[in-house]
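Notes for the one structure printed next.
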Amino acid sequence: MSRRPIGVLVAVLALASAAGCAVWGTEGGPGGAGAALPTATASVAPSPAVAVKGSDGVQRVEVAIGDDLRLHPDVVRATTGTIEITFRNTGVTPHDISVDTVPGVDGGNVNGGQTKTVTVTVTQPGTYPMPCAYHVTSGMQGTLEVATPS
């Protein structure tokens, strides 16, 4: 066997490996081993976002998700009722954010540059996790804080 086919095979395997990282990020997809957690920075944490109630009574808020494996903002505040959260993927890494208020409420896959809106109805005040199914082991999780209307 000549060296040329072996070199081509090595190049193809290297490209396939790199493409997998581009699709799933540093964790390797669902069930991946995970990446090291980012180191803490001296920056000021962003303020929580407050969902704004529209004339139809639905509370709406937008959360950016990106290649840094974080939600921006990572805390959303709302009151009991219908809440619409739009997840905007500002990077290229796919994410799958769920809002754990009711089992099965899942945002589904949000590819780079896409948006996905999740609507939930919350009847009980409380704190509800918003994890990314692909990157939760890297700390990609936000929180929905729901209070009783005053």
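By order of appearance in the structure tokens: chains A, B, ..., then residues from 1 within every chain, and ligands from 1 in the order shown.
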
*Find the spatial neighbours of range 83-90 of chain A, counting only C-alpha atoms, within a cut-off of 10 Å - ignore same-chain residues fewer than 4 positions away - and output them as number ranges by chain.*
A: 51-53, 57-68, 71-72, 76-79, 94-97, 99, 107, 110-122, 144, 146

*Between A:Thr93, A:Thr101, A:Thr80, A:Asn109, which has the minimum distance to Ala147 in chain A (counting only C-alpha atoms)?*
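Residue with the minimum atom-to-atom distance to Ala147 in chain A: A:Thr80.
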
*Report the distance between CA of Gly81 in chain A and CA of Gly54 in chain A in Å, rounded to one decimal place.*
12.1 Å

*Out of range 59-111 of chain A, which residues get strand (DSSP E or B) from DSSP, as a VMD selection string?*
chain A and resid 59 to 65 71 to 72 75 to 79 81 to 89 95 to 98 106 to 110

*In Å, how far is it from CA of Ser98 in chain A to CA of Ser55 in chain A?*
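CA of Ser55 in chain A lies at a distance of 26.0 Å from CA of Ser98 in chain A.
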
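Take the candidates A:Thr82, A:Val75, A:Gly142, A:His135 and check each one against Asp56 in chain A using only C-alpha atoms; the shortest distance goes to A:Thr82.
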
*A:Gln124, A:Met130, A:Gly108, A:Pro149: which is nearest Asp74 in chain A, counting only C-alpha atoms?*
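When distances to Asp74 in chain A are compared using only C-alpha atoms, the smallest one comes from A:Met130.
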